[in-house]
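Student: If it helps, the file is called data-v2.tsv and holds TSV, C-alpha atoms:
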```tsv
chain	number	residue	atom	x	y	z
A	1	MET	CA	0.00	0.00	0.00
A	2	SER	CA	1.25	3.49	-0.80
A	3	ILE	CA	2.03	5.89	2.00
A	4	ILE	CA	0.70	8.82	-0.07
A	5	ASN	CA	-2.38	10.49	1.48
A	6	THR	CA	-2.01	8.51	4.72
A	7	LYS	CA	-1.85	10.33	8.04
A	8	ILE	CA	1.41	10.34	9.92
A	9	LYS	CA	1.46	8.12	12.98
A	10	PRO	CA	1.80	9.49	16.52
A	11	PHE	CA	5.33	9.99	17.87
A	12	THR	CA	7.25	11.88	20.55
A	13	VAL	CA	11.04	12.19	20.33
A	14	GLN	CA	13.93	14.28	21.59
A	15	ALA	CA	15.56	16.65	19.13
A	16	TYR	CA	18.39	19.12	18.75
A	17	GLN	CA	17.92	22.61	17.37
A	18	ASN	CA	20.09	25.72	17.60
A	19	GLY	CA	22.08	24.60	20.62
A	20	LYS	CA	19.10	23.28	22.58
A	21	PHE	CA	17.40	19.97	23.24
A	22	ILE	CA	13.65	20.01	22.62
A	23	THR	CA	10.80	17.52	22.53
A	24	VAL	CA	8.89	17.15	19.25
A	25	SER	CA	5.67	15.21	18.67
A	26	ASP	CA	3.16	14.74	15.90
A	27	ALA	CA	1.00	17.37	17.64
A	28	ASP	CA	3.64	20.00	16.77
A	29	LEU	CA	2.95	19.46	13.06
A	30	LYS	CA	-0.75	20.24	13.06
A	31	GLY	CA	-1.73	23.20	10.95
A	32	LYS	CA	1.52	23.60	9.01
A	33	TRP	CA	3.47	22.03	6.19
A	34	SER	CA	6.38	19.79	7.21
A	35	ILE	CA	9.24	17.92	5.63
A	36	PHE	CA	10.68	14.74	7.11
A	37	PHE	CA	14.20	14.25	5.77
A	38	PHE	CA	15.55	10.84	6.80
A	39	TYR	CA	19.24	10.00	6.49
A	40	PRO	CA	21.32	6.99	7.64
A	41	ALA	CA	23.68	8.39	10.27
A	42	ASP	CA	25.60	11.33	11.69
A	43	PHE	CA	29.36	11.58	11.05
A	44	THR	CA	29.11	10.02	7.59
A	45	PHE	CA	29.79	11.07	4.00
A	46	VAL	CA	26.77	11.85	1.80
A	47	CYS	CA	24.59	12.88	4.77
A	48	PRO	CA	26.37	16.15	5.60
A	49	THR	CA	26.23	17.23	1.95
A	50	GLU	CA	22.46	16.75	1.95
A	51	LEU	CA	21.86	18.34	5.34
A	52	GLY	CA	24.08	21.28	4.40
A	53	ASP	CA	22.19	21.73	1.13
A	54	MET	CA	18.91	21.71	3.09
A	55	ALA	CA	20.36	24.23	5.57
A	56	ASP	CA	21.23	26.58	2.71
A	57	LEU	CA	17.61	26.53	1.46
A	58	TYR	CA	15.93	26.40	4.88
A	59	PRO	CA	15.04	30.14	4.77
A	60	GLU	CA	13.18	29.50	1.49
A	61	PHE	CA	11.21	26.66	3.08
A	62	GLN	CA	10.40	28.89	6.06
A	63	LYS	CA	9.04	31.59	3.72
A	64	LEU	CA	6.57	28.95	2.53
A	65	GLY	CA	5.56	28.15	6.12
A	66	VAL	CA	7.32	24.76	6.01
A	67	GLU	CA	9.19	23.25	8.95
A	68	VAL	CA	12.01	20.81	8.22
A	69	TYR	CA	12.74	17.81	10.42
A	70	SER	CA	15.87	15.82	9.65
A	71	VAL	CA	15.73	12.32	11.15
A	72	SER	CA	18.28	9.62	11.82
A	73	THR	CA	18.42	6.79	14.31
A	74	ASP	CA	21.13	8.67	16.20
A	75	THR	CA	20.31	10.38	19.51
A	76	HIS	CA	19.80	14.09	19.99
A	77	PHE	CA	23.11	14.05	21.91
A	78	THR	CA	24.89	12.73	18.82
A	79	HIS	CA	23.30	15.47	16.70
A	80	LYS	CA	24.74	18.07	19.09
A	81	ALA	CA	28.18	16.46	19.00
A	82	TRP	CA	28.06	16.45	15.18
A	83	ALA	CA	27.09	20.13	15.10
A	84	ASP	CA	29.96	20.91	17.48
A	85	ALA	CA	32.42	19.02	15.25
A	86	SER	CA	31.29	20.05	11.74
A	87	ASP	CA	31.00	23.53	10.22
A	88	THR	CA	28.49	22.13	7.71
A	89	ILE	CA	26.20	20.75	10.41
A	90	LYS	CA	26.73	23.78	12.69
A	91	LYS	CA	24.90	25.98	10.14
A	92	ILE	CA	21.70	23.87	10.43
A	93	GLN	CA	18.82	25.78	12.00
A	94	TYR	CA	16.03	23.28	11.37
A	95	VAL	CA	15.08	20.55	13.86
A	96	MET	CA	17.22	17.39	14.00
A	97	LEU	CA	15.09	14.56	15.41
A	98	GLY	CA	16.78	11.79	17.34
A	99	ASP	CA	15.13	8.42	16.71
A	100	PRO	CA	17.26	5.80	18.51
A	101	THR	CA	14.27	3.48	18.97
A	102	GLY	CA	13.44	3.72	15.26
A	103	THR	CA	9.79	4.58	15.93
A	104	VAL	CA	9.57	7.50	13.50
A	105	THR	CA	11.78	5.74	10.95
A	106	ARG	CA	9.51	2.69	10.99
A	107	ASN	CA	6.38	4.88	10.88
A	108	PHE	CA	7.57	6.15	7.50
A	109	ASP	CA	8.70	2.68	6.40
A	110	VAL	CA	12.34	3.63	5.75
A	111	MET	CA	14.09	1.50	8.40
A	112	ILE	CA	16.84	-0.85	7.27
A	113	GLU	CA	16.14	-3.41	9.99
A	114	SER	CA	19.38	-5.34	9.61
A	115	GLU	CA	21.44	-2.17	10.15
A	116	GLY	CA	19.23	-0.04	12.41
A	117	LEU	CA	19.60	2.83	9.94
A	118	ALA	CA	17.21	4.86	7.81
A	119	LEU	CA	17.14	4.94	4.03
A	120	ARG	CA	17.25	8.39	2.46
A	121	GLY	CA	13.55	9.14	2.68
A	122	THR	CA	11.91	12.49	1.99
A	123	PHE	CA	8.29	13.15	2.90
A	124	VAL	CA	6.19	16.28	2.55
A	125	VAL	CA	3.30	16.43	5.02
A	126	ASN	CA	0.39	18.85	4.64
A	127	PRO	CA	-1.21	20.81	7.52
A	128	GLU	CA	-3.76	18.01	8.01
A	129	GLY	CA	-0.94	15.53	8.68
A	130	GLU	CA	-1.26	13.71	5.34
A	131	ILE	CA	1.79	12.63	3.37
A	132	LYS	CA	1.69	14.30	-0.07
A	133	VAL	CA	5.20	13.54	-1.37
A	134	ALA	CA	7.26	10.43	-0.67
A	135	GLU	CA	10.66	9.74	-2.17
A	136	ILE	CA	13.08	7.04	-1.06
A	137	HIS	CA	16.70	6.71	-2.20
A	138	ASP	CA	19.35	4.06	-1.74
A	139	LEU	CA	22.11	5.10	0.67
A	140	GLY	CA	24.60	6.18	-2.00
A	141	ILE	CA	22.27	8.60	-3.81
A	142	GLY	CA	22.18	12.13	-2.42
A	143	ARG	CA	19.21	14.44	-2.74
A	144	ASP	CA	18.83	18.00	-4.03
A	145	ALA	CA	17.02	20.47	-1.75
A	146	SER	CA	16.12	22.76	-4.66
A	147	GLU	CA	14.12	19.97	-6.31
A	148	LEU	CA	12.36	19.36	-2.99
A	149	LEU	CA	11.56	23.06	-2.77
A	150	ARG	CA	9.93	22.86	-6.21
A	151	LYS	CA	7.86	19.86	-5.11
A	152	VAL	CA	6.71	21.65	-1.95
A	153	LYS	CA	5.62	24.66	-4.01
A	154	ALA	CA	3.70	22.35	-6.36
A	155	ALA	CA	2.04	20.52	-3.45
A	156	GLN	CA	1.02	23.82	-1.86
A	157	TYR	CA	-0.25	25.15	-5.19
A	158	ILE	CA	-2.52	22.21	-5.92
A	159	ALA	CA	-3.75	22.21	-2.31
A	160	SER	CA	-4.92	25.81	-2.75
A	161	HIS	CA	-6.14	25.41	-6.35
A	162	PRO	CA	-8.52	22.43	-6.51
A	163	GLY	CA	-8.98	21.07	-10.00
A	164	GLU	CA	-5.52	22.09	-11.20
A	165	VAL	CA	-2.37	19.98	-11.52
A	166	CYS	CA	1.29	20.86	-12.00
A	167	PRO	CA	3.01	19.30	-15.04
A	168	ALA	CA	6.59	18.04	-15.17
A	169	LYS	CA	9.23	20.68	-14.43
A	170	TRP	CA	6.53	23.08	-13.22
A	171	GLN	CA	7.98	26.16	-11.52
A	172	GLU	CA	6.17	28.69	-9.39
A	173	GLY	CA	4.25	31.10	-11.62
A	174	ALA	CA	4.23	28.75	-14.60
A	175	GLU	CA	1.08	27.49	-16.28
A	176	THR	CA	-0.76	24.56	-14.72
A	177	LEU	CA	-3.24	22.15	-16.23
A	178	LYS	CA	-6.95	21.63	-15.61
A	179	PRO	CA	-7.57	17.96	-16.35
A	180	SER	CA	-10.53	17.47	-18.68
A	181	LEU	CA	-11.67	15.30	-21.54
A	182	ASP	CA	-10.53	18.06	-23.91
A	183	LEU	CA	-6.87	17.49	-22.92
A	184	VAL	CA	-6.81	13.74	-23.44
A	185	GLY	CA	-4.28	12.92	-26.16
A	186	LYS	CA	-3.47	16.58	-26.84
A	187	ILE	CA	-0.51	17.08	-24.54
```
Here is a file; write its structure as structure tokens.

Tutor:
Amino acid sequence: MSIINTKIKPFTVQAYQNGKFITVSDADLKGKWSIFFFYPADFTFVCPTELGDMADLYPEFQKLGVEVYSVSTDTHFTHKAWADASDTIKKIQYVMLGDPTGTVTRNFDVMIESEGLALRGTFVVNPEGEIKVAEIHDLGIGRDASELLRKVKAAQYIASHPGEVCPAKWQEGAETLKPSLDLVGKI
């Protein structure tokens, strides 16, 4: 069964953000757009490139009213240690969820059980708590935050414009489509 349009499952975890430990739960997501950005582990290779890329675009996500939650099966203590040790991770201002029990990782079906690590999973959740975008990568394939930003804009556009859809490579301000019998076979 697809995870698209399903509601996120309840969770409560410890997190690290801007030098502080905080508690985050599914209740914190209600009423706003969210991104869950799963990665295998702190102190690795591809992960800091992705998290740094996301940090660079975080202000753009915030302008759209989107909160970003990076998630690994490391603890919130490990996230702090990584931020203390890495200039790339130090610049992160979004929330870094610690998921040492794997609850959140399993809720999104990205746990590699034999390793206790998460796949590279990206999920966009709407204000009602429904998953609208799901993308899962193998461990060696890094993601591009600018493409995720485009997908968030498209998801927000179609949420506020019922009856319209965004075609491939759609960018904010570009023409959309209104599915109808008249379009069948003409695109």

Student: My list of candidates is A:Leu51, A:Val152, A:Val104, A:Ile112. Which is closest to A:Asn126 when distances are computed with only C-alpha atoms?

Tutor: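 Nearest candidate to A:Asn126 out of A:Leu51, A:Val152, A:Val104, A:Ile112: A:Val152.
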
Student: Between atom CA of A:Ser34 and atom CA of A:Val124, what is the spacing in Å?

Tutor: 5.8 Å

Student: Which is closer to A:Ile89 than all the others in A:Ser114, A:Thr49, A:Thr23, A:Thr12, using all atoms listed in the file?

Tutor: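 The shortest atom-to-atom distance to A:Ile89 comes from A:Thr49.
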
Student: Might you pull out every residue within 10 Å of A:Thr101, with all atoms listed in the file counted and same-chain residues fewer than 6 positions away left off, and present them as a list in words?

Tutor: Val13, Thr73, Asp74, Thr75 and Gly116 of chain A

Student: What gap, in Å, lies between atom CA of A:Asn5 and atom CA of A:Asp26?

Tutor: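 Between these atoms lies a distance of 16.0 Å.
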
Student: One number please: atom CA of A:Val68 to atom CA of A:Leu97, in Å, one decimal.

Tutor: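 If I compute the distance from atom CA of A:Val68 to atom CA of A:Leu97, I get 10.0 Å.
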
Student: So, with all atoms listed in the file as the atoms that count, which of A:Gly102, A:Ala85, A:Lys80, A:Val133 lies closest to A:Gln156?

Tutor: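 Smallest distance to A:Gln156 is found for A:Val133.
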
Student: Out of A:Lys178, A:Glu164, A:Arg150, A:Thr78, which residue has the shortest atom-to-atom distance to A:Glu60 when counting all atoms listed in the file?

Tutor: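 Among A:Lys178, A:Glu164, A:Arg150, A:Thr78, it is A:Arg150 that comes nearest to A:Glu60.
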
Student: Name the residues in contact with A:Ala118 at a cut-off of 12 Å, using all atoms listed in the file, excluding same-chain residues fewer than 3 positions from it; report them as a PyMOL selection string.

Tutor: chain A and resi 36-42+47+70-74+98-115+121-122+136-139

Student: Store the residues of this selection in a file with C-alpha atoms, as a CSV table (one decimal), keeping the file's coordinate frame.

Tutor:
```
chain,number,residue,atom,x,y,z
A,36,PHE,CA,10.7,14.7,7.1
A,37,PHE,CA,14.2,14.2,5.8
A,38,PHE,CA,15.6,10.8,6.8
A,39,TYR,CA,19.2,10.0,6.5
A,40,PRO,CA,21.3,7.0,7.6
A,41,ALA,CA,23.7,8.4,10.3
A,42,ASP,CA,25.6,11.3,11.7
A,47,CYS,CA,24.6,12.9,4.8
A,70,SER,CA,15.9,15.8,9.6
A,71,VAL,CA,15.7,12.3,11.2
A,72,SER,CA,18.3,9.6,11.8
A,73,THR,CA,18.4,6.8,14.3
A,74,ASP,CA,21.1,8.7,16.2
A,98,GLY,CA,16.8,11.8,17.3
A,99,ASP,CA,15.1,8.4,16.7
A,100,PRO,CA,17.3,5.8,18.5
A,101,THR,CA,14.3,3.5,19.0
A,102,GLY,CA,13.4,3.7,15.3
A,103,THR,CA,9.8,4.6,15.9
A,104,VAL,CA,9.6,7.5,13.5
A,105,THR,CA,11.8,5.7,11.0
A,106,ARG,CA,9.5,2.7,11.0
A,107,ASN,CA,6.4,4.9,10.9
A,108,PHE,CA,7.6,6.2,7.5
A,109,ASP,CA,8.7,2.7,6.4
A,110,VAL,CA,12.3,3.6,5.8
A,111,MET,CA,14.1,1.5,8.4
A,112,ILE,CA,16.8,-0.8,7.3
A,113,GLU,CA,16.1,-3.4,10.0
A,114,SER,CA,19.4,-5.3,9.6
A,115,GLU,CA,21.4,-2.2,10.2
A,121,GLY,CA,13.6,9.1,2.7
A,122,THR,CA,11.9,12.5,2.0
A,136,ILE,CA,13.1,7.0,-1.1
A,137,HIS,CA,16.7,6.7,-2.2
A,138,ASP,CA,19.4,4.1,-1.7
A,139,LEU,CA,22.1,5.1,0.7
```

Student: Could you check the closest approach to A:Lys132 for each of A:Leu181, A:Ile187, A:Ile158, A:Val95 and tell me which residue wins, using all atoms listed in the file?

Tutor: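 The shortest atom-to-atom distance to A:Lys132 comes from A:Ile158.
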
Student: Closest to A:Asp28 among A:Glu67, A:Glu50, A:Asp56, A:Glu147, using all atoms listed in the file?

Tutor: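 Among the listed residues, A:Glu67 lies closest to A:Asp28.
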
Student: At a cut-off of 8 Å, using all atoms listed in the file, what residues contact A:Glu128? Leave out same-chain residues fewer than 4 positions from it and give the result as an MDAnalysis selection string.

Tutor: chainID A and resid 7 30:32

Student: In file coordinates, which residues lie within 12 Å of (4.7, 24.3, -7.2) using only C-alpha atoms, given as a PyMOL selection string?

Tutor: chain A and resi 64+146-161+164-176

Student: Quick one: residues within 10 Å of A:Asp53, all atoms listed in the file, excluding same-chain residues fewer than 5 positions away - as a PDB file with C-alpha atoms, in the coordinates of the input?

Tutor:
```
ATOM      1  CA  CYS A  47      24.590  12.880   4.770  1.00  0.00           C
ATOM      2  CA  PRO A  48      26.370  16.150   5.600  1.00  0.00           C
ATOM      3  CA  TYR A  58      15.930  26.400   4.880  1.00  0.00           C
ATOM      4  CA  THR A  88      28.490  22.130   7.710  1.00  0.00           C
ATOM      5  CA  ILE A  92      21.700  23.870  10.430  1.00  0.00           C
ATOM      6  CA  ARG A 143      19.210  14.440  -2.740  1.00  0.00           C
ATOM      7  CA  ASP A 144      18.830  18.000  -4.030  1.00  0.00           C
ATOM      8  CA  ALA A 145      17.020  20.470  -1.750  1.00  0.00           C
ATOM      9  CA  SER A 146      16.120  22.760  -4.660  1.00  0.00           C
TER      10      SER A 146
END
```
